[in-house]
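A.B. asks: You'll find start_24.cif just under this line, and it carries mmCIF, C-alpha atoms.
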```
data_work
loop_
_atom_site.label_atom_id
_atom_site.label_comp_id
_atom_site.auth_asym_id
_atom_site.auth_seq_id
_atom_site.Cartn_x
_atom_site.Cartn_y
_atom_site.Cartn_z
CA MET A 1 -85.66 -192.26 161.27
CA ASN A 2 -89.13 -192.83 159.90
CA ASP A 3 -90.94 -196.16 159.85
CA ASN A 4 -89.93 -196.98 156.28
CA GLU A 5 -86.29 -196.43 157.10
CA ALA A 6 -86.64 -198.60 160.20
CA LYS A 7 -88.25 -201.36 158.12
CA PHE A 8 -85.49 -201.13 155.56
CA ILE A 9 -82.88 -201.77 158.25
CA LEU A 10 -84.88 -204.37 160.17
CA ARG A 11 -85.32 -206.55 157.10
CA ALA A 12 -81.63 -207.46 157.57
CA TYR A 13 -82.23 -208.38 161.22
CA ARG A 14 -81.99 -212.14 161.71
CA PRO A 15 -85.06 -213.57 163.41
CA ASP A 16 -83.06 -215.77 165.78
CA GLY A 17 -81.69 -212.69 167.56
CA SER A 18 -78.11 -213.13 166.41
CA ASP A 19 -77.93 -209.43 165.60
CA ALA A 20 -79.43 -208.18 168.85
CA GLN A 21 -76.15 -206.62 169.99
CA ASP A 22 -75.34 -205.00 166.66
CA PRO A 23 -75.60 -201.21 167.14
CA ILE A 24 -76.77 -200.65 163.56
CA PHE A 25 -80.16 -202.13 164.54
CA ALA A 26 -80.40 -200.38 167.91
CA ASP A 27 -82.30 -197.28 166.79
CA ALA A 28 -84.70 -199.21 164.56
CA LEU A 29 -85.42 -201.73 167.33
CA ALA A 30 -85.96 -198.90 169.80
CA GLN A 31 -88.39 -197.30 167.40
CA ALA A 32 -90.26 -200.59 167.02
CA GLY A 33 -90.43 -200.76 170.79
CA LYS A 34 -92.23 -197.43 170.91
CA ASN A 35 -94.42 -197.82 167.82
CA PRO A 36 -97.05 -200.62 168.10
CA ALA A 37 -97.66 -200.77 164.35
CA LEU A 38 -93.98 -201.06 163.61
CA ARG A 39 -93.60 -203.62 166.39
CA GLU A 40 -96.37 -205.74 164.89
CA TRP A 41 -94.81 -205.44 161.47
CA LEU A 42 -91.45 -206.56 162.90
CA GLU A 43 -93.02 -209.59 164.59
CA GLN A 44 -94.70 -210.60 161.32
CA GLU A 45 -91.46 -210.08 159.44
CA LYS A 46 -89.54 -212.21 161.93
CA SER A 47 -92.19 -214.87 161.83
CA PHE A 48 -92.03 -214.98 158.03
CA ASP A 49 -88.24 -215.08 158.08
CA ARG A 50 -88.25 -217.89 160.63
CA ALA A 51 -90.63 -219.88 158.45
CA ILE A 52 -88.46 -219.44 155.35
CA ALA A 53 -85.28 -220.24 157.30
CA ALA A 54 -86.90 -223.40 158.66
CA LYS A 55 -87.94 -224.51 155.17
CA LEU A 56 -84.48 -223.80 153.84
CA HIS A 57 -82.96 -225.94 156.57
CA GLU A 58 -85.27 -228.79 155.64
CA VAL A 59 -83.47 -229.03 152.30
CA GLN A 60 -80.99 -231.83 152.73
CA PRO A 61 -77.84 -232.31 150.71
CA PRO A 62 -77.82 -235.44 148.57
CA ALA A 63 -76.85 -238.64 150.33
CA GLY A 64 -73.19 -239.30 149.88
CA LEU A 65 -72.17 -235.68 149.28
CA ARG A 66 -70.40 -235.42 152.61
CA ASP A 67 -68.49 -238.66 152.07
CA ALA A 68 -67.54 -237.58 148.57
CA ILE A 69 -66.22 -234.27 149.89
CA LEU A 70 -64.23 -235.99 152.61
CA ALA A 71 -62.76 -238.52 150.18
CA GLY A 72 -61.91 -235.76 147.70
CA GLY A 73 -60.33 -233.68 150.44
CA ARG A 74 -58.17 -236.56 151.63
CA ALA A 75 -57.02 -237.26 148.08
CA SER A 76 -56.24 -233.58 147.50
CA GLN A 77 -54.26 -233.34 150.71
CA ARG A 78 -52.24 -236.44 149.81
CA ARG A 79 -51.50 -235.02 146.40
CA ARG A 80 -50.29 -231.79 147.84
CA ALA A 81 -46.52 -231.60 147.53
CA TRP A 82 -44.97 -232.17 150.94
CA TRP A 83 -43.01 -228.97 150.64
CA LYS A 84 -46.25 -226.99 150.45
CA ASN A 85 -47.20 -228.25 153.88
CA PRO A 86 -46.35 -225.42 156.30
CA VAL A 87 -45.26 -227.88 158.99
CA TRP A 88 -42.73 -229.54 156.71
CA LEU A 89 -41.68 -226.17 155.38
CA ALA A 90 -40.98 -224.98 158.90
CA ILE A 91 -39.01 -228.13 159.72
CA ALA A 92 -36.98 -227.85 156.52
CA ALA A 93 -36.25 -224.17 157.16
CA SER A 94 -35.20 -224.95 160.73
CA LEU A 95 -32.84 -227.67 159.51
CA VAL A 96 -31.25 -225.32 156.98
CA VAL A 97 -30.74 -222.66 159.63
CA ALA A 98 -29.40 -225.18 162.13
CA LEU A 99 -27.02 -226.68 159.58
CA THR A 100 -25.80 -223.26 158.51
CA LEU A 101 -25.20 -222.23 162.10
CA PHE A 102 -23.47 -225.52 162.84
CA LEU A 103 -21.15 -225.16 159.88
CA ARG A 104 -20.43 -221.54 160.71
CA LEU A 105 -20.00 -221.86 164.44
CA ARG A 106 -18.51 -225.29 164.97
CA PRO A 107 -14.86 -225.13 165.92
CA THR A 108 -12.73 -226.53 163.13
CA GLU A 109 -9.28 -227.94 163.54
CA PRO A 110 -6.88 -225.12 162.76
CA SER A 111 -4.43 -225.73 159.96
CA ALA A 112 -0.77 -225.45 160.86
CA HIS A 113 -0.42 -222.50 158.52
CA ASP A 114 -3.36 -220.62 160.05
CA PHE A 115 -2.15 -221.35 163.51
CA ALA A 116 1.35 -220.06 162.70
CA GLU A 117 -0.22 -216.89 161.34
CA PHE A 118 -2.25 -216.55 164.50
CA ALA A 119 0.82 -217.05 166.68
CA LEU A 120 2.79 -214.44 164.75
CA ASN A 121 -0.02 -211.96 165.15
CA GLU A 122 -0.51 -212.81 168.79
CA LEU A 123 3.12 -212.22 169.63
CA ALA A 124 3.33 -209.06 167.52
CA THR A 125 0.43 -207.50 169.40
CA ALA A 126 1.19 -208.87 172.88
CA THR A 127 2.17 -206.45 175.59
CA ASP A 128 3.31 -208.85 178.27
CA HIS A 129 5.72 -211.72 177.70
CA HIS A 130 7.71 -214.30 179.50
CA GLY A 131 5.66 -214.40 182.69
CA HIS A 132 5.01 -217.58 184.65
CA ASP A 133 2.49 -217.64 187.43
CA GLY A 134 2.28 -221.14 188.83
CA PRO A 135 4.86 -223.73 189.77
CA ALA A 136 3.62 -226.17 187.17
CA LEU A 137 4.10 -223.60 184.45
CA ALA A 138 7.54 -222.74 185.77
CA LYS A 139 8.43 -226.40 185.70
CA LEU A 140 7.24 -226.67 182.11
CA GLN A 141 9.21 -223.61 181.13
CA ALA A 142 12.29 -225.13 182.68
CA HIS A 143 11.63 -228.37 180.86
CA LEU A 144 11.30 -226.57 177.53
CA ALA A 145 14.40 -224.57 178.21
CA SER A 146 16.50 -227.74 178.43
CA ALA A 147 18.95 -227.66 175.61
CA SER A 148 18.81 -231.40 175.00
CA LEU A 149 15.11 -231.64 174.01
CA PRO A 150 13.86 -231.31 170.44
CA LEU A 151 10.48 -229.62 170.74
CA PRO A 152 8.10 -231.39 168.37
CA VAL A 153 8.16 -234.67 170.19
CA ASN A 154 8.73 -233.45 173.69
CA ALA A 155 6.32 -230.64 174.40
CA LYS A 156 3.95 -232.97 176.33
CA LEU A 157 1.48 -230.39 177.56
CA ASP A 158 -1.36 -230.93 179.98
CA GLY A 159 -4.19 -228.48 179.36
CA GLU A 160 -5.75 -228.84 182.82
CA GLU A 161 -2.46 -228.27 184.56
CA LEU A 162 -1.69 -225.27 182.41
CA ARG A 163 -5.03 -223.72 183.28
CA ARG A 164 -4.47 -224.31 186.98
CA SER A 165 -1.05 -222.70 186.70
CA GLY A 166 -2.50 -219.50 185.33
CA CYS A 167 -0.97 -219.95 181.92
CA HIS A 168 -1.75 -217.10 179.57
CA THR A 169 -4.49 -218.15 177.18
CA ALA A 170 -6.08 -216.79 174.04
CA ARG A 171 -8.81 -217.94 171.59
CA PHE A 172 -8.29 -219.06 168.05
CA ALA A 173 -11.12 -220.28 165.80
CA GLY A 174 -13.17 -221.21 168.82
CA HIS A 175 -10.34 -223.07 170.51
CA GLU A 176 -8.43 -222.30 173.65
CA VAL A 177 -4.75 -221.50 173.06
CA PHE A 178 -2.02 -221.73 175.70
CA GLU A 179 1.02 -219.53 175.46
CA ILE A 180 4.22 -220.66 177.14
CA CYS A 181 7.30 -218.48 176.92
CA PHE A 182 10.67 -220.03 177.63
CA GLU A 183 14.33 -219.19 177.22
CA ARG A 184 16.90 -221.45 175.67
CA ASP A 185 20.52 -220.56 175.11
CA GLY A 186 19.76 -216.97 176.00
CA LYS A 187 17.07 -216.65 173.35
CA TRP A 188 13.36 -216.26 174.04
CA PHE A 189 10.81 -218.45 172.33
CA HIS A 190 7.02 -218.45 172.49
CA LEU A 191 5.19 -221.71 172.21
CA TYR A 192 1.49 -221.59 171.33
CA ALA A 193 -0.51 -224.77 171.72
CA THR A 194 -4.19 -225.53 171.13
CA PRO A 195 -5.82 -228.90 171.89
CA LEU A 196 -7.11 -230.88 168.91
CA GLN A 197 -10.86 -231.52 169.09
CA ASN A 198 -10.49 -234.90 167.45
CA SER A 199 -7.39 -236.34 168.95
CA THR A 200 -5.55 -238.61 166.59
CA ALA A 201 -3.79 -241.34 168.43
CA GLY A 202 -0.51 -242.00 166.81
CA SER A 203 2.67 -240.42 165.76
CA ALA A 204 3.57 -236.81 165.86
CA ILE A 205 3.71 -235.00 162.58
CA ALA A 206 6.79 -232.94 161.97
CA ARG A 207 6.61 -229.26 161.23
CA SER A 208 6.18 -228.45 157.62
CA LEU A 209 6.36 -224.71 157.36
CA MET A 210 8.21 -221.61 158.38
CA LEU A 211 6.59 -218.18 158.30
CA ALA A 212 8.10 -214.74 158.85
CA ARG A 213 6.63 -211.36 159.60
CA GLY A 214 9.01 -208.52 160.24
CA LYS A 215 11.52 -209.71 162.82
CA LEU A 216 9.32 -212.59 163.90
CA THR A 217 9.58 -216.09 162.56
CA ALA A 218 7.16 -218.95 163.24
CA THR A 219 6.89 -222.62 162.59
CA ALA A 220 3.99 -224.95 163.32
CA TRP A 221 3.22 -228.63 163.71
CA HIS A 222 0.89 -230.90 165.57
CA ASP A 223 0.97 -234.17 167.38
CA ALA A 224 -1.82 -236.46 168.53
CA GLN A 225 -3.13 -233.98 171.14
CA PHE A 226 -2.19 -230.42 170.16
CA THR A 227 -1.43 -228.08 167.32
CA TYR A 228 1.68 -226.04 168.09
CA ALA A 229 3.26 -222.87 166.82
CA LEU A 230 6.67 -221.67 167.93
CA VAL A 231 7.57 -218.02 167.42
CA THR A 232 10.72 -216.07 168.05
CA ASP A 233 12.38 -212.84 167.07
CA GLU A 234 15.79 -214.56 167.09
CA GLY A 235 15.64 -215.59 163.44
CA VAL A 236 15.00 -218.71 161.38
CA GLU A 237 18.19 -220.47 162.39
CA ALA A 238 17.31 -220.18 166.08
CA LEU A 239 14.02 -221.91 165.40
CA ARG A 240 15.60 -224.65 163.34
CA ARG A 241 17.97 -225.47 166.14
CA LEU A 242 15.03 -226.20 168.41
CA ILE A 243 13.07 -228.40 166.11
CA MET B 1 -55.15 -224.85 159.99
CA GLN B 2 -54.56 -228.53 160.66
CA GLU B 3 -55.59 -231.23 158.19
CA GLU B 4 -57.34 -233.04 161.05
CA ALA B 5 -59.83 -230.16 161.14
CA PHE B 6 -61.04 -230.89 157.61
CA PRO B 7 -63.74 -233.47 158.52
CA GLN B 8 -65.04 -231.16 161.23
CA LEU B 9 -65.15 -228.28 158.79
CA VAL B 10 -67.09 -230.38 156.29
CA GLU B 11 -69.49 -231.57 158.96
CA THR B 12 -70.18 -228.02 160.12
CA TYR B 13 -70.60 -226.23 156.81
CA TYR B 14 -71.33 -228.58 153.95
CA ALA B 15 -75.12 -228.49 154.35
CA GLY B 16 -75.31 -224.70 154.48
CA LEU B 17 -72.94 -224.41 151.55
CA TYR B 18 -75.02 -226.89 149.59
CA ARG B 19 -78.22 -224.90 150.27
CA PHE B 20 -76.53 -221.71 149.13
CA ALA B 21 -75.19 -223.51 146.05
CA LEU B 22 -78.64 -224.91 145.30
CA SER B 23 -80.18 -221.47 145.36
CA LEU B 24 -77.48 -220.21 142.99
CA ALA B 25 -77.17 -223.11 140.59
CA LYS B 26 -80.85 -224.10 140.69
CA ASN B 27 -80.22 -227.82 140.36
CA PRO B 28 -78.95 -230.39 142.86
CA SER B 29 -76.25 -231.76 140.61
CA ASP B 30 -74.54 -228.43 140.03
CA ALA B 31 -75.04 -227.51 143.68
CA GLY B 32 -73.28 -230.70 144.76
CA ASP B 33 -70.44 -229.99 142.35
CA LEU B 34 -70.09 -226.43 143.62
CA THR B 35 -69.99 -227.62 147.22
CA GLN B 36 -67.39 -230.23 146.42
CA GLN B 37 -65.35 -227.75 144.42
CA THR B 38 -65.38 -225.36 147.39
CA PHE B 39 -63.93 -227.97 149.71
CA PHE B 40 -61.45 -229.00 147.04
CA VAL B 41 -60.19 -225.42 146.94
CA TRP B 42 -60.02 -225.50 150.72
CA ALA B 43 -58.03 -228.73 150.70
CA THR B 44 -55.50 -227.29 148.31
CA LYS B 45 -55.35 -223.65 149.37
CA GLY B 46 -57.30 -223.20 152.56
CA HIS B 47 -54.38 -224.19 154.79
CA SER B 48 -52.92 -220.76 154.25
CA LEU B 49 -55.83 -219.36 156.27
CA ARG B 50 -54.41 -218.80 159.73
CA ASP B 51 -57.52 -217.47 161.44
CA GLU B 52 -59.92 -220.37 161.95
CA SER B 53 -62.77 -217.99 162.75
CA LYS B 54 -62.62 -216.83 159.13
CA ALA B 55 -63.20 -220.32 157.73
CA LYS B 56 -66.97 -219.87 157.38
CA SER B 57 -66.71 -216.62 155.41
CA TRP B 58 -63.85 -218.07 153.39
CA LEU B 59 -65.92 -221.09 152.37
CA PHE B 60 -69.02 -219.12 151.38
CA THR B 61 -66.91 -216.56 149.52
CA THR B 62 -65.07 -219.32 147.68
CA LEU B 63 -68.30 -221.06 146.72
CA TYR B 64 -69.75 -217.81 145.43
CA ARG B 65 -66.60 -217.05 143.41
CA GLU B 66 -66.58 -220.55 141.98
CA PHE B 67 -70.19 -220.07 140.96
CA LEU B 68 -69.40 -216.76 139.27
CA ARG B 69 -66.35 -218.21 137.59
CA GLY B 70 -68.39 -220.96 136.04
CA ARG B 71 -71.01 -218.73 134.66
CA ARG B 72 -71.02 -215.54 132.70
CA ARG B 73 -73.57 -213.37 134.24
CA SER B 74 -75.85 -210.94 132.50
CA VAL B 75 -78.26 -210.46 135.26
CA ARG B 76 -80.46 -207.54 135.72
CA MET B 77 -80.49 -205.67 138.95
CA VAL B 78 -83.38 -203.67 140.30
CA ALA B 79 -82.69 -200.95 142.78
CA ILE B 80 -85.10 -200.50 145.64
CA GLU B 81 -86.03 -197.05 144.43
CA ASP B 82 -86.93 -198.49 141.02
CA LEU B 83 -89.89 -200.50 142.21
CA ALA B 84 -92.51 -200.74 139.53
CA PRO B 85 -95.69 -198.87 140.32
CA GLY B 86 -98.32 -201.18 141.62
CA GLU B 87 -95.94 -203.98 142.35
CA GLN B 88 -96.78 -203.67 145.99
CA GLU B 89 -100.32 -204.66 145.10
CA ILE B 90 -99.31 -208.15 144.04
CA PRO B 91 -100.57 -210.71 146.58
CA VAL B 92 -97.87 -211.81 148.97
CA ALA B 93 -97.48 -215.00 150.94
CA GLU B 94 -97.79 -214.92 154.68
CA THR B 95 -96.21 -217.06 157.29
CA ASP B 96 -99.10 -219.51 157.46
CA HIS B 97 -98.85 -220.20 153.75
CA VAL B 98 -95.13 -220.80 153.99
CA ALA B 99 -95.48 -223.17 156.93
CA LYS B 100 -97.81 -225.38 154.93
CA MET B 101 -95.61 -225.46 151.85
CA ASP B 102 -93.16 -228.17 150.98
CA SER B 103 -89.54 -227.12 151.44
CA SER B 104 -88.79 -227.97 147.81
CA LEU B 105 -91.48 -225.50 146.72
CA VAL B 106 -89.99 -222.80 148.94
CA MET B 107 -86.57 -223.52 147.45
CA GLU B 108 -88.09 -223.36 144.00
CA ALA B 109 -89.50 -219.93 144.77
CA LEU B 110 -86.19 -218.81 146.16
CA GLN B 111 -84.45 -219.98 143.00
CA GLU B 112 -86.78 -217.81 140.95
CA VAL B 113 -85.82 -214.65 142.80
CA ASP B 114 -83.51 -212.49 140.72
CA ASP B 115 -79.90 -213.54 141.12
CA ALA B 116 -78.83 -210.21 142.59
CA PHE B 117 -81.40 -210.54 145.37
CA ARG B 118 -81.27 -214.30 145.75
CA GLU B 119 -77.62 -214.38 146.74
CA PRO B 120 -77.91 -212.24 149.90
CA LEU B 121 -81.37 -213.60 150.61
CA THR B 122 -80.21 -217.22 150.78
CA LEU B 123 -77.23 -216.31 152.93
CA PHE B 124 -79.59 -214.37 155.21
CA TYR B 125 -81.97 -217.31 155.61
CA LEU B 126 -79.14 -219.69 156.40
CA GLN B 127 -78.94 -217.48 159.53
CA ASP B 128 -75.27 -218.26 160.06
CA LEU B 129 -74.10 -215.02 158.53
CA SER B 130 -74.64 -211.41 159.52
CA TYR B 131 -75.32 -208.70 156.96
CA LEU B 132 -71.67 -207.68 157.42
CA GLU B 133 -70.43 -211.15 156.51
CA ILE B 134 -72.84 -211.31 153.59
CA ALA B 135 -71.48 -207.99 152.31
CA GLU B 136 -67.96 -209.38 152.60
CA ILE B 137 -68.79 -212.62 150.79
CA LEU B 138 -70.59 -210.90 147.94
CA SER B 139 -68.13 -207.98 147.85
CA VAL B 140 -70.86 -205.37 148.00
CA PRO B 141 -71.47 -202.46 150.41
CA ILE B 142 -73.59 -202.99 153.51
CA GLY B 143 -76.29 -200.70 152.18
CA THR B 144 -76.50 -202.77 149.02
CA VAL B 145 -76.98 -205.93 151.08
CA MET B 146 -79.84 -204.32 152.99
CA SER B 147 -81.37 -203.03 149.80
CA ARG B 148 -81.18 -206.42 148.10
CA LEU B 149 -82.57 -208.19 151.15
CA SER B 150 -85.49 -205.84 151.18
CA ARG B 151 -86.16 -206.28 147.48
CA GLY B 152 -85.48 -209.99 147.57
CA LYS B 153 -87.96 -210.57 150.36
CA ALA B 154 -90.63 -208.72 148.42
CA GLN B 155 -89.99 -210.87 145.36
CA LEU B 156 -89.95 -214.04 147.38
CA ARG B 157 -93.26 -213.23 149.04
CA THR B 158 -94.83 -212.67 145.64
CA LEU B 159 -93.42 -215.87 144.20
CA LEU B 160 -94.51 -217.87 147.24
CA ALA B 161 -98.03 -216.49 146.94
CA GLN B 162 -98.18 -217.61 143.32
CA LYS B 163 -96.92 -221.06 144.18
CA ALA B 164 -99.33 -221.36 147.07
CA LYS B 165 -102.14 -220.67 144.64
CA GLY B 166 -100.67 -223.18 142.18
CA GLY B 167 -100.69 -220.50 139.56
CA ARG B 168 -98.14 -219.28 137.09
CA VAL B 169 -95.39 -217.19 138.50
CA ILE B 170 -95.53 -213.60 137.45
CA GLU B 171 -92.45 -212.50 135.57
CA PHE B 172 -90.65 -209.90 137.57
CA PRO B 173 -90.22 -206.62 135.72
CA GLN B 174 -86.78 -206.03 134.21
CA GLN B 175 -85.64 -202.55 134.94
CA GLY B 176 -81.92 -202.54 134.79
CA VAL B 177 -78.83 -204.46 133.95
CA ARG B 178 -76.49 -205.61 136.63
CA PRO B 179 -72.98 -204.45 136.01
#
```
Take the structure I supplied and represent it as structure tokens, if you would.
C.D. replies:
Amino acid sequence: MNDNEAKFILRAYRPDGSDAQDPIFADALAQAGKNPALREWLEQEKSFDRAIAAKLHEVQPPAGLRDAILAGGRASQRRRAWWKNPVWLAIAASLVVALTLFLRLRPTEPSAHDFAEFALNELATATDHHGHDGPALAKLQAHLASASLPLPVNAKLDGEELRRSGCHTARFAGHEVFEICFERDGKWFHLYATPLQNSTAGSAIARSLMLARGKLTATAWHDAQFTYALVTDEGVEALRRLI
Amino acid sequence: MQEEAFPQLVETYYAGLYRFALSLAKNPSDAGDLTQQTFFVWATKGHSLRDESKAKSWLFTTLYREFLRGRRRSVRMVAIEDLAPGEQEIPVAETDHVAKMDSSLVMEALQEVDDAFREPLTLFYLQDLSYLEIAEILSVPIGTVMSRLSRGKAQLRTLLAQKAKGGRVIEFPQQGVRP
């Protein structure tokens, strides 16, 4: 690097030393350190630059410019559509996602038809039936087996007790389902019950449907606490006699 | 960037932006308008800038673009290698002369420097921006910034010398057309 090249580079060197660590100036500065004439030139250059910079900084913006900018900025920000504000955008997006997830994931009350379908499928694919593990469940099975009780208004299940008794359970649409198998008049029946999330105090609603799949037949209903499905492979008439 | 930062941003940069605008537009009224327009653009679009450290370059770049947008330019550009013979002989101002001059006279001289040289020169004398940032703002290569600084300083020295003498400013030779 000759002196002219060093001068060319050093003319971009800020006199306040802001560029001291920039490697692009390192060689030129080193050369100025070794060459007295170049060093003197650099000092004069920096002195001139400092003087110009100082004069430039003496130029003051017109009075009121800052306030006008601030007022204009505030007005512009107010006029900006709220949905262009990234904060509001983020909140709105979060709400949409949360609402979508809520609608998708929240457990919904199963319809009687869907629940009957589920029960049919559950029984068709089950490998183990008719078991009873705890005394409470055995008592319930005995109660259900009583020939004198019509099922829809007499099931009277207790979810906590069923759990404690080791009742077989499954999941349907996010809900826990209890399966109670019982025998009446020599025929096996399978009662599926799932608690309602929004219990409706009041009267039981009678069954309104009868579904069949292969040898299996199902009916479903619900009362104030549970939705029920009753499935058997003994035929439609056997079901009708129970309900 | 938060809206609460706007007043702080104005406080920090409006004076430097105004000085740069004044050197470009050559009159206080247009310079004020350019500065205001820059912050208006910030208020409406600047929030998309996520890196606060880029705010300074963003503001100077925006001001420069607004200036260019408002003005068709047919400005000549003189390359450093195209220096007119004998130009170096023109008397130049020294530091002592500058120190005694009124700042408005120095600004006047700066405004008479060719546009192509004045732009990097003003940004350089604001001292807030490195040659790298100046290159970024003006969208020119680093070498071009250095070249224009070198040429711009030479012009400024000549103009200052003329003003210090109270004489007529020598017209700078036109040797090329800026693309």
A.B. asks: Do you know which residues are at most 9 Å from Leu126 of chain B counting only C-alpha atoms, after dropping those on the same chain fewer than 6 positions away, and could you put them as number ranges by chain?
C.D. replies: A: 53-54, 56-57; B: 16, 19-20
A.B. asks: Would you mind reading off the distance between atom CA of Ala145 of chain A and atom CA of Phe172 of chain A, one decimal, in Å?
C.D. replies: 25.5 Å
A.B. asks: Which residues of chain B come within 6 Å of chain A, and for each one, what is the closest pair of atoms and their distance in Å to one decimal, counting only C-alpha atoms, sorted by chain and residue number, as a Markdown table?
C.D. replies:
```
| residue | atom | partner | partner_atom | distance |
| --- | --- | --- | --- | --- |
| B:Ala15 | CA | A:Pro61 | CA | 5.9 |
| B:Gln36 | CA | A:Ile69 | CA | 5.5 |
| B:Phe40 | CA | A:Gly73 | CA | 5.9 |
| B:Ala43 | CA | A:Gly73 | CA | 5.5 |
| B:Thr95 | CA | A:Phe48 | CA | 4.7 |
| B:Ser103 | CA | A:Lys55 | CA | 4.8 |
| B:Tyr125 | CA | A:Ala53 | CA | 4.7 |
| B:Met146 | CA | A:Ala12 | CA | 5.8 |
| B:Ser150 | CA | A:Arg11 | CA | 6.0 |
```
A.B. asks: Selected residues, C-alpha atoms, written as a short mmCIF file (atom, residue, chain, number, x, y, z; two decimals), in the frame of the given file, please.
C.D. replies:
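Here's the written file part34.cif:
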```cif
data_model
loop_
_atom_site.label_atom_id
_atom_site.label_comp_id
_atom_site.auth_asym_id
_atom_site.auth_seq_id
_atom_site.Cartn_x
_atom_site.Cartn_y
_atom_site.Cartn_z
CA ALA B 15 -75.12 -228.49 154.35
CA GLN B 36 -67.39 -230.23 146.42
CA PHE B 40 -61.45 -229.00 147.04
CA ALA B 43 -58.03 -228.73 150.70
CA THR B 95 -96.21 -217.06 157.29
CA SER B 103 -89.54 -227.12 151.44
CA TYR B 125 -81.97 -217.31 155.61
CA MET B 146 -79.84 -204.32 152.99
CA SER B 150 -85.49 -205.84 151.18
#
```
A.B. asks: Could you spell out the hits of the PyMOL selection byres ((chain A and resi 170) around 12) on the shown file, as a VMD selection string?
C.D. replies: chain A and resid 118 to 119 121 to 123 126 163 167 to 169 171 to 180 192 to 194
A.B. asks: Carefully work through the PyMOL selection byres ((chain B and resi 155) around 9) for this structure and note down the residues it includes, as number ranges by chain.
C.D. replies: B: 92, 110, 112-114, 117, 150-154, 156-160, 172
